[in-house]
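Shown here: entry.txt, compact mmCIF, C-alpha atoms.
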# COMPACT_ATOMS: atom_id res chain seq x y z
CA MET S 1 45.38 202.50 13.50
CA SER S 2 48.18 203.26 15.86
CA GLU S 3 51.61 204.45 14.84
CA THR S 4 54.72 204.18 16.96
CA LEU S 5 57.08 207.13 16.84
CA ALA S 6 60.59 206.63 18.07
CA ARG S 7 62.49 209.78 18.89
CA PRO S 8 66.04 208.99 19.91
CA GLY S 9 67.65 211.36 22.39
CA LEU S 10 70.36 213.76 21.46
CA ARG S 11 73.62 212.00 20.74
CA VAL S 12 77.04 213.52 20.90
CA ARG S 13 79.27 212.70 17.94
CA PRO S 14 82.41 210.68 18.67
CA ALA S 15 84.44 213.54 17.16
CA VAL S 16 83.28 215.78 20.01
CA TYR S 17 84.58 213.33 22.60
CA GLY S 18 87.81 212.95 20.65
CA GLY S 19 88.27 216.72 20.41
CA ALA S 20 87.61 217.19 24.11
CA ALA S 21 90.10 214.44 25.01
CA ALA S 22 92.71 215.90 22.66
CA GLY S 23 92.18 219.34 24.20
CA LEU S 24 92.73 218.00 27.72
CA VAL S 25 95.90 216.22 26.61
CA LEU S 26 97.27 219.38 24.97
CA LEU S 27 96.55 221.40 28.11
CA ALA S 28 98.40 218.87 30.28
CA LEU S 29 101.48 218.40 28.06
CA PRO S 30 103.59 221.23 29.57
CA PHE S 31 103.52 219.38 32.89
CA TYR S 32 105.14 216.27 31.43
CA LEU S 33 107.17 217.09 28.29
CA ASP S 34 110.63 218.58 28.14
CA ARG S 35 111.64 221.76 26.34
CA PHE S 36 112.42 220.11 22.99
CA TRP S 37 108.96 218.64 22.50
CA LEU S 38 107.17 221.78 23.64
CA GLN S 39 109.26 223.91 21.32
CA ALA S 40 108.56 221.51 18.45
CA GLY S 41 104.85 221.76 19.23
CA LEU S 42 105.01 225.56 19.19
CA PHE S 43 106.72 225.50 15.79
CA ALA S 44 103.90 223.25 14.59
CA MET S 45 101.27 225.68 15.92
CA ALA S 46 102.91 228.60 14.14
CA ALA S 47 103.15 226.57 10.93
CA ALA S 48 99.49 225.60 11.23
CA LEU S 49 98.46 229.25 11.57
CA GLY S 50 100.41 230.21 8.47
CA ALA S 51 99.06 227.19 6.58
CA ILE S 52 95.48 228.19 7.40
CA GLY S 53 96.16 231.60 5.89
CA ILE S 54 97.61 230.32 2.62
CA ASN S 55 94.90 227.66 2.40
CA LEU S 56 92.25 230.36 2.47
CA LEU S 57 94.02 232.01 -0.46
CA THR S 58 95.15 229.01 -2.50
CA GLY S 59 92.88 226.18 -1.42
CA ALA S 60 89.57 228.03 -1.04
CA THR S 61 90.00 230.86 -3.57
CA GLY S 62 92.38 229.29 -6.09
CA GLN S 63 95.04 232.01 -5.89
CA LEU S 64 98.63 230.79 -6.02
CA SER S 65 101.03 232.65 -3.73
CA MET S 66 104.78 232.11 -3.59
CA GLY S 67 105.44 235.00 -1.22
CA HIS S 68 103.95 233.74 2.03
CA ALA S 69 107.35 233.82 3.76
CA PHE S 70 107.53 237.57 3.12
CA PHE S 71 104.49 238.22 5.31
CA LEU S 72 105.82 235.95 8.05
CA ALA S 73 108.96 238.09 8.04
CA VAL S 74 106.85 241.26 8.24
CA GLY S 75 105.09 239.89 11.33
CA ALA S 76 108.27 238.68 13.03
CA TYR S 77 110.41 241.77 12.37
CA GLY S 78 107.46 244.10 12.86
CA TYR S 79 107.00 242.76 16.38
CA CYS S 80 110.70 243.25 17.13
CA ALA S 81 110.61 246.82 15.83
CA PHE S 82 107.47 247.76 17.74
CA ALA S 83 108.48 246.05 21.02
CA GLY S 84 112.23 246.77 20.93
CA ASP S 85 113.49 249.54 23.21
CA GLY S 86 116.62 250.40 21.20
CA THR S 87 119.12 249.26 23.82
CA ASP S 88 120.64 246.83 21.30
CA GLY S 89 121.40 249.66 18.90
CA LEU S 90 118.54 248.74 16.57
CA ALA S 91 115.37 250.71 15.86
CA GLY S 92 112.52 250.12 18.29
CA LEU S 93 109.48 251.94 19.61
CA GLY S 94 109.40 250.28 23.04
CA LEU S 95 105.66 249.51 22.92
CA PRO S 96 104.02 246.96 25.23
CA GLY S 97 104.40 243.43 23.91
CA TRP S 98 100.69 242.77 23.34
CA LEU S 99 100.30 246.03 21.42
CA ALA S 100 103.42 245.31 19.38
CA ALA S 101 102.00 241.91 18.42
CA VAL S 102 98.68 243.41 17.33
CA LEU S 103 100.45 246.10 15.32
CA ALA S 104 102.75 243.53 13.71
CA VAL S 105 99.75 241.51 12.48
CA ALA S 106 98.13 244.73 11.25
CA LEU S 107 101.38 245.66 9.49
CA ALA S 108 101.38 242.30 7.68
CA GLY S 109 97.78 242.95 6.65
CA LEU S 110 98.76 246.42 5.45
CA ALA S 111 101.57 244.94 3.38
CA GLY S 112 99.05 242.52 1.90
CA GLY S 113 96.70 245.42 1.26
CA VAL S 114 99.37 247.28 -0.69
CA PHE S 115 99.81 244.21 -2.88
CA SER S 116 96.08 243.35 -3.01
CA PRO S 117 95.27 245.38 -6.19
CA ILE S 118 97.70 243.10 -8.03
CA ALA S 119 96.31 240.02 -6.29
CA GLY S 120 92.78 241.05 -7.26
CA ARG S 121 93.57 241.17 -10.97
CA LEU S 122 96.01 238.30 -11.43
CA HIS S 123 95.41 234.61 -10.95
CA GLY S 124 97.16 231.28 -11.32
CA ALA S 125 100.81 231.22 -12.29
CA TYR S 126 100.78 234.96 -13.01
CA LEU S 127 100.03 235.76 -9.38
CA GLY S 128 102.59 233.18 -8.27
CA ILE S 129 105.31 234.89 -10.30
CA ALA S 130 104.25 238.31 -9.02
CA THR S 131 104.34 237.20 -5.37
CA LEU S 132 107.73 235.62 -6.02
CA ALA S 133 109.10 239.15 -6.29
CA LEU S 134 108.11 239.74 -2.66
CA ILE S 135 110.64 237.12 -1.53
CA PHE S 136 113.50 238.84 -3.34
CA ILE S 137 112.46 242.27 -2.08
CA GLY S 138 112.08 240.98 1.47
CA GLN S 139 115.44 239.22 1.47
CA HIS S 140 117.19 242.34 0.18
CA VAL S 141 115.62 244.51 2.89
CA LEU S 142 116.27 242.01 5.69
CA PHE S 143 119.95 241.64 4.83
CA ASN S 144 120.67 245.32 4.15
CA ALA S 145 118.44 247.39 6.46
CA HIS S 146 120.83 246.76 9.35
CA ASP S 147 119.47 249.45 11.67
CA LEU S 148 116.02 247.85 11.52
CA THR S 149 116.63 244.13 11.03
CA GLY S 150 120.15 243.59 12.35
CA GLY S 151 121.37 242.37 8.97
CA TYR S 152 122.81 238.88 8.63
CA ASN S 153 122.90 238.34 12.40
CA GLY S 154 119.23 239.19 12.87
CA ARG S 155 117.93 240.72 16.08
CA ALA S 156 116.82 239.53 19.49
CA VAL S 157 113.09 239.23 20.15
CA PRO S 158 111.70 241.10 23.17
CA PRO S 159 109.52 238.92 25.43
CA LEU S 160 105.76 239.32 25.27
CA SER S 161 103.85 240.69 28.25
CA LEU S 162 100.12 240.06 28.55
CA PHE S 163 97.82 240.65 31.54
CA GLY S 164 100.82 241.06 33.82
CA LEU S 165 102.39 237.77 32.68
CA THR S 166 105.75 237.96 30.91
CA PHE S 167 106.54 235.12 28.51
CA ASP S 168 110.23 234.85 29.36
CA ASP S 169 112.38 232.36 31.26
CA SER S 170 111.51 233.82 34.65
CA GLU S 171 110.27 230.85 36.66
CA LEU S 172 106.56 230.51 37.40
CA LEU S 173 105.45 227.63 39.64
CA VAL S 174 102.20 225.90 38.66
CA ALA S 175 101.29 222.85 40.78
CA GLN S 176 104.96 222.71 41.86
CA VAL S 177 106.03 222.51 38.19
CA PRO S 178 108.36 225.32 37.01
CA PHE S 179 107.06 227.09 33.93
CA GLY S 180 109.55 228.89 31.70
CA ALA S 181 109.10 230.76 28.44
CA VAL S 182 108.23 227.69 26.36
CA GLU S 183 105.63 226.41 28.83
CA LYS S 184 103.95 229.81 28.98
CA LEU S 185 104.02 230.24 25.22
CA TRP S 186 102.44 226.81 24.81
CA TYR S 187 99.08 228.01 26.13
CA LEU S 188 99.31 231.24 24.15
CA GLY S 189 99.97 229.21 20.99
CA LEU S 190 96.99 226.95 21.71
CA ALA S 191 94.71 229.97 22.18
CA LEU S 192 95.92 231.61 18.95
CA LEU S 193 95.57 228.39 16.96
CA LEU S 194 92.07 227.73 18.31
CA GLY S 195 91.01 231.28 17.47
CA GLY S 196 92.54 231.02 14.00
CA VAL S 197 90.79 227.71 13.29
CA LEU S 198 87.39 228.93 14.47
CA PHE S 199 87.62 232.18 12.52
CA ALA S 200 88.68 230.40 9.31
CA ARG S 201 85.88 227.85 9.67
CA GLY S 202 83.42 230.68 10.16
CA VAL S 203 84.65 232.41 7.01
CA LEU S 204 84.51 229.25 4.89
CA GLY S 205 81.13 228.21 6.29
CA GLY S 206 79.44 231.55 5.56
CA ARG S 207 78.67 233.64 2.50
CA PRO S 208 82.33 234.73 1.99
CA GLY S 209 83.39 231.10 1.84
CA ARG S 210 80.78 230.26 -0.77
CA ALA S 211 81.90 233.23 -2.85
CA MET S 212 85.55 232.15 -2.52
CA ASN S 213 84.73 228.62 -3.67
CA ALA S 214 82.74 229.96 -6.60
CA ILE S 215 85.71 232.10 -7.67
CA ARG S 216 88.01 229.10 -7.38
CA ASP S 217 85.75 226.80 -9.39
CA HIS S 218 84.82 229.25 -12.16
CA ARG S 219 85.67 232.91 -11.81
CA ILE S 220 83.75 234.01 -14.93
CA ALA S 221 80.57 232.33 -13.73
CA ALA S 222 81.09 233.86 -10.29
CA GLY S 223 81.33 237.31 -11.86
CA VAL S 224 78.16 236.71 -13.86
CA MET S 225 76.35 235.79 -10.63
CA GLY S 226 77.27 239.19 -9.21
CA ILE S 227 80.24 238.24 -7.04
CA PRO S 228 82.89 241.00 -7.07
CA VAL S 229 85.79 238.74 -7.99
CA ALA S 230 88.62 241.28 -7.73
CA ARG S 231 87.37 242.57 -4.38
CA HIS S 232 87.09 239.10 -2.86
CA ARG S 233 90.52 238.10 -4.12
CA ALA S 234 92.06 241.23 -2.65
CA ALA S 235 90.28 240.75 0.70
CA VAL S 236 91.37 237.11 0.99
CA PHE S 237 94.93 238.11 0.17
CA VAL S 238 94.89 240.60 3.06
CA LEU S 239 93.39 238.01 5.41
CA SER S 240 96.00 235.46 4.38
CA SER S 241 98.74 238.02 5.01
CA MET S 242 97.43 238.67 8.53
CA TYR S 243 97.45 234.94 9.31
CA ALA S 244 101.05 234.83 8.11
CA GLY S 245 101.93 237.86 10.24
CA LEU S 246 100.45 236.19 13.32
CA ALA S 247 102.44 233.03 12.57
CA GLY S 248 105.57 235.17 12.21
CA VAL S 249 105.02 236.79 15.60
CA LEU S 250 104.61 233.39 17.28
CA LEU S 251 107.71 232.05 15.50
CA ALA S 252 109.74 235.04 16.66
CA LEU S 253 108.63 234.53 20.26
CA VAL S 254 109.61 230.85 20.12
CA PHE S 255 112.94 231.36 18.32
CA GLN S 256 113.79 234.39 20.49
CA ARG S 257 115.85 235.65 17.55
CA THR S 258 114.91 236.53 13.99
CA VAL S 259 117.27 235.43 11.21
CA PRO S 260 116.80 236.66 7.59
CA GLU S 261 117.84 233.36 6.00
CA TYR S 262 114.83 231.59 7.52
CA PHE S 263 112.29 233.70 5.61
CA GLY S 264 113.35 232.65 2.12
CA MET S 265 112.01 230.73 -0.82
CA ALA S 266 112.28 227.37 0.94
CA LEU S 267 109.81 228.49 3.62
CA SER S 268 107.22 229.51 1.01
CA LEU S 269 107.57 226.15 -0.71
CA GLU S 270 107.12 224.39 2.63
CA TYR S 271 103.81 226.17 3.15
CA LEU S 272 102.60 225.07 -0.26
CA ALA S 273 103.60 221.52 0.66
CA MET S 274 101.62 221.84 3.91
CA ILE S 275 98.33 222.64 2.22
CA VAL S 276 98.79 220.04 -0.53
CA ILE S 277 99.56 217.28 1.98
CA GLY S 278 96.83 218.39 4.39
CA GLY S 279 94.15 219.06 1.79
CA LEU S 280 93.34 222.15 -0.25
CA GLY S 281 90.43 224.18 1.09
CA SER S 282 90.26 222.39 4.44
CA VAL S 283 91.09 224.10 7.74
CA ALA S 284 91.73 220.79 9.49
CA GLY S 285 93.88 219.72 6.56
CA ALA S 286 95.95 222.90 6.81
CA VAL S 287 96.58 222.20 10.49
CA ALA S 288 97.50 218.56 9.79
CA GLY S 289 99.82 219.51 6.94
CA GLY S 290 101.47 222.23 9.02
CA VAL S 291 102.11 219.82 11.88
CA PHE S 292 103.51 217.16 9.53
CA VAL S 293 105.89 219.40 7.60
CA SER S 294 107.12 221.36 10.63
CA LEU S 295 107.67 218.38 12.92
CA LEU S 296 109.37 216.11 10.41
CA PRO S 297 112.80 217.85 10.27
CA GLN S 298 112.85 218.27 14.04
CA LEU S 299 112.12 214.59 14.62
CA LEU S 300 114.80 213.62 12.12
CA THR S 301 117.26 215.89 13.90
CA ARG S 302 116.33 214.44 17.26
CA TYR S 303 116.76 210.82 16.17
CA SER S 304 119.42 211.25 13.48
CA ASP S 305 121.77 208.88 15.34
CA ALA S 306 119.27 206.03 15.12
CA LEU S 307 118.17 206.52 11.50
CA PRO S 308 120.01 205.08 8.48
CA LEU S 309 121.59 207.54 6.03
CA VAL S 310 120.64 210.50 8.28
CA SER S 311 123.37 212.19 10.29
CA ALA S 312 124.20 215.51 11.87
CA PRO S 313 125.16 218.30 9.43
CA GLY S 314 128.84 218.17 8.40
CA THR S 315 129.40 214.55 9.42
CA GLY S 316 128.66 212.87 6.10
CA GLY S 317 125.39 211.37 4.96
CA ILE S 318 122.13 213.27 4.57
CA ALA S 319 121.43 216.16 6.93
CA PRO S 320 118.09 216.00 8.79
CA GLY S 321 116.71 219.10 7.06
CA GLU S 322 117.59 217.71 3.64
CA ALA S 323 116.10 214.32 4.47
CA ALA S 324 112.92 216.03 5.64
CA ARG S 325 112.59 217.82 2.30
CA TYR S 326 112.98 214.52 0.47
CA LEU S 327 110.31 212.91 2.62
CA TYR S 328 107.63 215.57 2.41
CA GLY S 329 108.44 216.03 -1.27
CA ALA S 330 107.65 212.34 -1.69
CA ALA S 331 104.54 212.88 0.44
CA VAL S 332 103.38 215.63 -1.93
CA VAL S 333 103.83 213.31 -4.93
CA ALA S 334 102.00 210.49 -3.14
CA VAL S 335 99.10 212.76 -2.18
CA VAL S 336 98.75 214.14 -5.70
CA LEU S 337 98.77 210.64 -7.23
CA PHE S 338 96.80 208.58 -4.71
CA LEU S 339 94.96 210.97 -2.37
CA PRO S 340 94.05 214.20 -4.19
CA GLY S 341 92.09 215.51 -1.21
CA GLY S 342 95.05 215.18 1.17
CA LEU S 343 94.90 214.04 4.77
CA ALA S 344 91.55 215.78 5.23
CA ARG S 345 89.96 213.58 2.55
CA LEU S 346 91.47 210.48 4.16
CA ALA S 347 89.80 211.38 7.46
CA ALA S 348 86.50 212.03 5.67
CA ARG S 349 86.53 208.49 4.25
CA THR S 350 86.25 206.99 7.74
CA PRO S 351 82.99 205.00 7.79
CA ARG S 352 80.28 206.33 10.04
CA ALA S 353 77.61 204.44 11.94
CA PRO S 354 74.19 204.32 10.21
CA LYS S 355 71.62 206.81 11.37
CA THR S 356 68.82 205.65 13.67
CA PRO S 357 65.40 205.97 11.97
CA THR S 358 63.18 208.63 13.45
CA SER S 359 59.92 206.81 12.90
CA THR S 360 58.71 203.24 12.52
CA GLU S 361 55.46 201.79 11.26
CA PRO S 362 54.25 198.24 11.91
CA SER S 363 54.42 196.14 8.77
CA GLY S 364 51.48 194.17 7.41
CA GLU S 365 48.82 196.25 9.20
CA THR S 366 45.33 196.16 7.63
CA ARG S 367 44.12 199.61 6.66
Just give me the structure as structure tokens.
Amino acid sequence: MSETLARPGLRVRPAVYGGAAAGLVLLALPFYLDRFWLQAGLFAMAAALGAIGINLLTGATGQLSMGHAFFLAVGAYGYCAFAGDGTDGLAGLGLPGWLAAVLAVALAGLAGGVFSPIAGRLHGAYLGIATLALIFIGQHVLFNAHDLTGGYNGRAVPPLSLFGLTFDDSELLVAQVPFGAVEKLWYLGLALLLGGVLFARGVLGGRPGRAMNAIRDHRIAAGVMGIPVARHRAAVFVLSSMYAGLAGVLLALVFQRTVPEYFGMALSLEYLAMIVIGGLGSVAGAVAGGVFVSLLPQLLTRYSDALPLVSAPGTGGIAPGEAARYLYGAAVVAVVLFLPGGLARLAARTPRAPKTPTSTEPSGETR
């Protein structure tokens, strides 16, 4: 008896080709897009980083946080304080930009570590109410610690310097295309987002991720299995705070000025909307939700003249920011009712091609 074995060669998934093509497009965009679109893309990258952090906490571990904006403010103002040289009359240590950014992220993690004993023992709405206090504390400090934060007017953000390259508006010619601050920051944002995505996927795909999911699904059973529930909750809270701090640093570099009003309750609610729309517990969903929620108000502002009922602020009608909140509020309701897994679940429902059999045997053969 003879048996035919068919061993198909290695096949590359279509997602790999799609990811490679998307990567090439993203790398080429600064050569073709104007400042508005690049700036909008950078805001989306910063939002995606922050959304990954809160998704690790809320989506993967089941811990509700209403104070995510506080840690973004710690990262943004921490960078300004570490990198500022004091010439503007505000406190600053004058450290190199790259070191100031690292220290700002570490400071956000330290702030999360101070709060982590509470985060390790509370869960659900109780933790949400506790983290809500961080917003009020942060807003009070930002508006009143004038020597550090600049008060209501905020403070200017020093440019970042890395490997001899300064991310400011000094012109840099690349293939006869002038690169300013936004074009330079574009590649930095891509690198940070890629690193954040890979690290989060590694965490969720390993033993820590399985422990986080077990705590989310049934914390008592997780404790019985020997998982230190309080320790894991506290550690994830610190990690989420560091993601928020990194997003705050990138936001500050893009804005070029920190304003206290931005880091309020509305920003924390936007991040919750991001992970619900994108998909709880999914890194790709967090990125998709961050891009959707952050780009929507900017697109409405850009095309407010051509959209019905939407107009520039102060001219009657609905302001773009208000219209954006209505739209992604409706998106949250639609996702909860019709697509509980968010955009990530929608992508997972895409039909795949059937697998090729690895072996065949002739039928009807006499044995």
Near Gly279 in chain S, within 6 Å and counting all atoms listed in the file, which residues show up once chain neighbours fewer than 4 positions away are dropped, as a compact mmCIF listing (two decimals) with C-alpha atoms, in the coordinates of the input?
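Here's the written file result-v1.txt:
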# COMPACT_ATOMS: atom_id res chain seq x y z
CA ILE S 275 98.33 222.64 2.22
CA GLY S 285 93.88 219.72 6.56
CA GLY S 341 92.09 215.51 -1.21
CA GLY S 342 95.05 215.18 1.17
CA LEU S 343 94.90 214.04 4.77
CA ALA S 344 91.55 215.78 5.23
>> Applying 8 Å and all atoms listed in the file, which residues near range 97-105 of chain S remain after dropping the ones on its own chain fewer than 5 positions away? List them as a list in words.
In response: Val74, Gly75, Ala76, Tyr77, Gly78, Tyr79, Cys80, Phe82, Ala83, Pro158, Pro159, Leu160, Ser161, Leu162, Met242, Tyr243, Gly245, Leu246 and Val249 of chain S
> Quick one: distance from CA of Leu172 in chain S to CA of Arg155 in chain S in Å, one decimal?
Replying inline: 26.2 Å
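With only C-alpha atoms as the atoms that count, the minimum distance from Met212 in chain S to the choices S:Leu57, S:Ala106, S:Ala69, S:Met45 is reached by S:Leu57.
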> Which residues, written as a VMD selection string, have at least one atom at most 12 Å from Arg219 in chain S, with all atoms listed in the file counted and residues fewer than 2 positions away on the same chain left out?
Replying inline: chain S and resid 61 to 63 120 to 124 211 to 217 221 to 230 232 to 233
Which polymer residues have any atom within 7 Å of an atom of Val157 in chain S, counting only C-alpha atoms, with same-chain residues fewer than 6 positions away left out, as a tab-separated table (two decimals) with C-alpha atoms, in the frame of the given file?
chain	number	residue	atom	x	y	z
S	80	CYS	CA	110.70	243.25	17.13
S	252	ALA	CA	109.74	235.04	16.66
S	253	LEU	CA	108.63	234.53	20.26
S	256	GLN	CA	113.79	234.39	20.49
S	257	ARG	CA	115.85	235.65	17.55
S	258	THR	CA	114.91	236.53	13.99
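Residue nearest Leu72 in chain S, chosen from S:Ala21, S:Met274, S:Ala306, S:Ala46 and counting only C-alpha atoms: S:Ala46.
When only C-alpha atoms are used to compute distances to Ala51 in chain S, the closest of the residues S:Ala108, S:Leu295, S:Val259, S:Ala286 turns out to be S:Ala286.
Note that the spacing between CA of Leu280 in chain S and CA of Val238 in chain S amounts to 18.8 Å.
Of the residues listed (S:Val114, S:Leu194, S:Ala44, S:Leu134), S:Leu194 shows the shortest atom-to-atom separation from Gly23 in chain S; distances use all atoms listed in the file.
We find CA of Leu307 in chain S and CA of Gly321 in chain S to be spaced 13.4 Å apart.
Among the candidate residues S:Tyr271, S:Pro96, S:Gly209, S:Ser65, the one lying nearest to Ala288 in chain S is S:Tyr271, with distances computed using all atoms listed in the file.
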